[in-house]
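Here is the structure we will look at, set down as structure tokens.
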2 protein chains.
Amino acid sequence: MQVIAFDADDTLWVNEPYFQATERKFCELLEDFLPHHTVERELLQTEIQNIKLYGYGVKAFILSMIETAIRVSAGTIPASAIEKVIAYGKEMLNQPIELLPGVETVLESLYGKYRLVVATKGDLLDQERKLRKSGLEKYFHHIEIMSEKAEDDYRKLIRHLDIEPAQFTMIGNSLKSDVLPVLNLGGHGIHVPYHTTWALEKIDFKIEHENFRQVEQIDAILAFL
Amino acid sequence: MQVIAFDADDTLWVNEPYFQATERKFCELLEDFLPHHTVERELLQTEIQNIKLYGYGVKAFILSMIETAIRVSAGTIPASAIEKVIAYGKEMLNQPIELLPGVETVLESLYGKYRLVVATKGDLLDQERKLRKSGLEKYFHHIEIMSEKAEDDYRKLIRHLDIEPAQFTMIGNSLKSDVLPVLNLGGHGIHVPYHTTWALEKIDFKIEHENFRQVEQIDAILAFL
């Protein structure tokens, strides 16, 4: 049976806008020290430095915000501001799930015909919780939470699923993480762009590949699957 | 083929002593505000409150230390102290791996005869990194990082492994997380006590069960496996 793997954040449900909204609040918190765009740049810098150590997800994001706040304030940030950053993070973890249009239709119609899995980065517990809260758990064989989404990680995933790369289709909003590495292994990649993309997921070249498709909204995949 | 699952922290390698050492440094950092044992109690309180939201692992621990520091200092803790807490956490994530005695002998001798897996809680990326750093990766079919180790989580794991509970043996230092839930499902549990146990893993009753064994050091399991 063919496996269809779905990215989760910004493919099944809204995610990046919550990070951006939190980032805006974070910039406001620090506006006595630096202008918004500089704080944004500093935060991204911290995230890049920490990603190898912390990985992806909300906890890593909170820790990077705290570290950035201390650095850009030259150690003068009061504890009350750091308390707020922690509260922003907890709010993100408690956010309700907002499904993207077409998602439920797609899963309902593919269920039983393919083995469906979720393949996502992020915090282990947080991603499991989001899947549970989404009400979509019943459609999926299981959820794979990956520390990274590079070729080698997909190779392990495909081996673990006991299939050939050609039997594997990955659907997601990130060309870099969801599509390119899978195409390189001989699998299929479907790109469903989301209106906003995290800086670290951006790539700027065009993909042309026989196993590659791009759709405007996720339910358009039903035309060819 | 029978599956033998190994807990990681304090079963394959040293872990809890690093948490305790960090906790001691954290208490020293706050000794102007509260005596050590009160800070310890406050930190545990914060960890308990956060566990449902953050899960297990070092990132959750850093966040709980920061939150505790702000609370017990009534918001007067300087940013420099919080910076130190973050540094303690990063140090933990960069800690070298110290294997426990007998571990390598056991894995060498069981390899090929059983399907060996790691079944552990904690940070996804951190546990994967520790396994890689340990040099033990080659013995294991794969690593399962679980957000919780209750009966339901083991039920999923056993289903995912495509075996019956009776074909599953779990080896670990925590009666609560590694042994009891597995016995309840009809699997086998081997307890290898470690000299120190995290407060949240402690239980205080005796287990008597035909599928239960306890050994002093991990290599004693070779006598009956």
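Each chain in the structure tokens gets a letter, A, B, ..., in the order shown, and its residues are numbered from 1; ligands are numbered from 1 in order too.
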
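The residues of region 64-204 of chain B that DSSP classifies as strand (DSSP E), using the backbone of this structure, are Arg115, Leu116, Val117, Val118, Ala119, Thr120, His142, Ile143, Glu144, Ile145, Phe168, Thr169, Met170, Ile171, Gly172, His188, Gly189, Ile190 and His191 of chain B.
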
Closest pair table for chain B residues within 6 Å of chain A, only C-alpha atoms, as a tab-separated table:
residue	atom	partner	partner_atom	distance
B:Gly75	CA	A:Ala79	CA	5.2
B:Ala79	CA	A:Gly75	CA	5.3
B:Ser80	CA	A:Gly75	CA	6.0
B:Leu125	CA	A:Ser147	CA	5.4
B:Ser147	CA	A:Leu125	CA	5.4

Output N, CA and C atoms for every residue in the selection just made, as a PDB file, in the first residue's frame.
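Final output, part.pdb:
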ATOM      1  N   GLY B  75      10.325  38.366  41.280  1.00  0.00           N
ATOM      2  CA  GLY B  75      10.600  39.210  40.122  1.00  0.00           C
ATOM      3  C   GLY B  75      11.847  40.064  40.230  1.00  0.00           C
ATOM      4  N   ALA B  79      18.754  39.628  35.117  1.00  0.00           N
ATOM      5  CA  ALA B  79      18.857  38.892  33.850  1.00  0.00           C
ATOM      6  C   ALA B  79      20.143  38.061  33.802  1.00  0.00           C
ATOM      7  N   SER B  80      21.187  38.538  34.457  1.00  0.00           N
ATOM      8  CA  SER B  80      22.459  37.795  34.425  1.00  0.00           C
ATOM      9  C   SER B  80      22.300  36.399  35.050  1.00  0.00           C
ATOM     10  N   LEU B 125      15.334  15.636  19.982  1.00  0.00           N
ATOM     11  CA  LEU B 125      16.655  15.858  19.416  1.00  0.00           C
ATOM     12  C   LEU B 125      17.750  15.445  20.401  1.00  0.00           C
ATOM     13  N   SER B 147       6.333  10.580  24.489  1.00  0.00           N
ATOM     14  CA  SER B 147       6.019  11.763  25.284  1.00  0.00           C
ATOM     15  C   SER B 147       5.611  11.351  26.698  1.00  0.00           C
TER      16      SER B 147
END

- Message: Run DSSP on the backbone and tell me which residues of region 51-153 of chain A come out as helix (DSSP H, G or I); list them as a ChimeraX atom specification.
- Response: /A:51-54,58-72,79-94,103-110,124-134,137-139,151-153

Residues as selected, C-alpha atoms, written as a compact mmCIF listing (two decimals), in the first residue's frame, can you do that?
# COMPACT_ATOMS: atom_id res chain seq x y z
CA ILE A 51 18.75 25.00 16.33
CA LYS A 52 21.42 22.32 16.49
CA LEU A 53 21.16 22.21 20.25
CA TYR A 54 17.44 22.79 20.80
CA VAL A 58 7.77 26.17 20.85
CA LYS A 59 10.07 25.38 23.80
CA ALA A 60 13.12 26.16 21.67
CA PHE A 61 11.40 29.36 20.53
CA ILE A 62 10.72 30.50 24.12
CA LEU A 63 14.32 29.83 25.12
CA SER A 64 15.63 31.74 22.11
CA MET A 65 13.34 34.70 22.87
CA ILE A 66 14.60 34.84 26.46
CA GLU A 67 18.22 34.65 25.35
CA THR A 68 17.64 37.39 22.77
CA ALA A 69 15.88 39.63 25.30
CA ILE A 70 18.83 39.41 27.67
CA ARG A 71 21.35 40.07 24.91
CA VAL A 72 19.67 43.01 23.20
CA ALA A 79 12.37 39.53 35.20
CA SER A 80 8.78 40.66 34.63
CA ALA A 81 9.44 40.88 30.87
CA ILE A 82 10.94 37.40 30.82
CA GLU A 83 7.88 36.19 32.70
CA LYS A 84 5.79 37.61 29.87
CA VAL A 85 7.85 35.77 27.26
CA ILE A 86 7.20 32.51 29.11
CA ALA A 87 3.49 33.34 29.19
CA TYR A 88 3.49 33.99 25.41
CA GLY A 89 5.05 30.57 24.91
CA LYS A 90 2.53 28.80 27.11
CA GLU A 91 -0.25 30.57 25.25
CA MET A 92 1.11 29.15 21.99
CA LEU A 93 1.13 25.65 23.48
CA ASN A 94 -2.50 26.09 24.53
CA VAL A 103 -7.88 19.16 4.85
CA GLU A 104 -10.72 17.12 6.29
CA THR A 105 -12.18 16.40 2.81
CA VAL A 106 -8.80 15.11 1.63
CA LEU A 107 -8.25 12.85 4.61
CA GLU A 108 -11.77 11.46 4.51
CA SER A 109 -11.47 10.63 0.87
CA LEU A 110 -7.95 9.07 1.02
CA LEU A 124 7.23 15.83 20.48
CA LEU A 125 4.50 16.42 23.06
CA ASP A 126 3.19 19.58 21.39
CA GLN A 127 2.78 17.94 17.99
CA GLU A 128 1.05 14.91 19.50
CA ARG A 129 -1.26 17.22 21.42
CA LYS A 130 -2.06 19.28 18.33
CA LEU A 131 -2.91 16.14 16.38
CA ARG A 132 -5.23 15.01 19.19
CA LYS A 133 -6.86 18.42 19.42
CA SER A 134 -7.28 18.60 15.63
CA GLU A 137 -5.96 11.45 14.60
CA LYS A 138 -8.43 8.79 13.40
CA TYR A 139 -7.31 9.16 9.79
CA GLU A 151 17.36 13.33 3.04
CA ASP A 152 18.82 11.05 5.63
CA ASP A 153 15.83 11.48 7.92

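Considering the residues B:Val117, B:Cys27, B:Ala220, B:Leu100 and counting only C-alpha atoms, Val14 (chain B) has its shortest atom-to-atom contact with B:Leu100.
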
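Nearest-residue note for Leu175 (chain A): choosing from A:Gly187, A:Gly135, A:Pro96, A:Pro193, the minimum distance belongs to A:Pro193, counting only C-alpha atoms.
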
- Task: Write out as an NGL selection string each polymer residue whose atoms come within 9 Å of Val182 (chain A), counting only C-alpha atoms; drop sequence neighbours fewer than 3 positions from it.
- Result: :A and (150-151 or 154-155 or 165 or 168-170 or 177-179 or 185-189)

- Which value, in Å to one decimal, gives the distance between CA of His191 (chain A) and CA of Gln49 (chain A)? 28.0 Å

- Query: Could you name the residues that touch Asp7 (chain A) at 9 Å or less, counting only C-alpha atoms, but leaving out those on the same chain fewer than 3 positions away, as a PyMOL selection string?
  - Reply: chain A and resi 10-12+117-121+170-174+178

Keeping only C-alpha atoms, write the selected residues as a PDB file, in the first residue's frame.
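And here is the file that came out, again01.pdb:
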ATOM      1  CA  ASP A  10       0.810  25.135   7.904  1.00  0.00           C
ATOM      2  CA  THR A  11      -0.191  22.067   5.879  1.00  0.00           C
ATOM      3  CA  LEU A  12      -2.918  20.532   8.066  1.00  0.00           C
ATOM      4  CA  VAL A 117       0.921   9.313   8.254  1.00  0.00           C
ATOM      5  CA  VAL A 118       1.890  12.679   9.725  1.00  0.00           C
ATOM      6  CA  ALA A 119       5.568  13.569   9.315  1.00  0.00           C
ATOM      7  CA  THR A 120       6.478  16.697  11.217  1.00  0.00           C
ATOM      8  CA  LYS A 121       9.225  18.534  13.052  1.00  0.00           C
ATOM      9  CA  MET A 170       5.061  13.701   0.945  1.00  0.00           C
ATOM     10  CA  ILE A 171       2.678  16.666   1.044  1.00  0.00           C
ATOM     11  CA  GLY A 172       3.670  19.917   2.673  1.00  0.00           C
ATOM     12  CA  ASN A 173       4.116  23.662   2.558  1.00  0.00           C
ATOM     13  CA  SER A 174       7.918  23.675   2.660  1.00  0.00           C
ATOM     14  CA  ASP A 178       8.824  18.486   2.596  1.00  0.00           C
TER      15      ASP A 178
END

- Task: Could you tell me which of B:Tyr194, B:Glu40, B:Tyr111, B:Arg213 comes closest to Ala21 (chain B) if we count only C-alpha atoms?
- Result: B:Glu40

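Within the 10 Å cut-off around Leu200 (chain B), using only C-alpha atoms and omitting residues fewer than 4 positions from it on the same chain, the listed residues are Leu44, Glu47, Ile48 and Lys176 of chain B.
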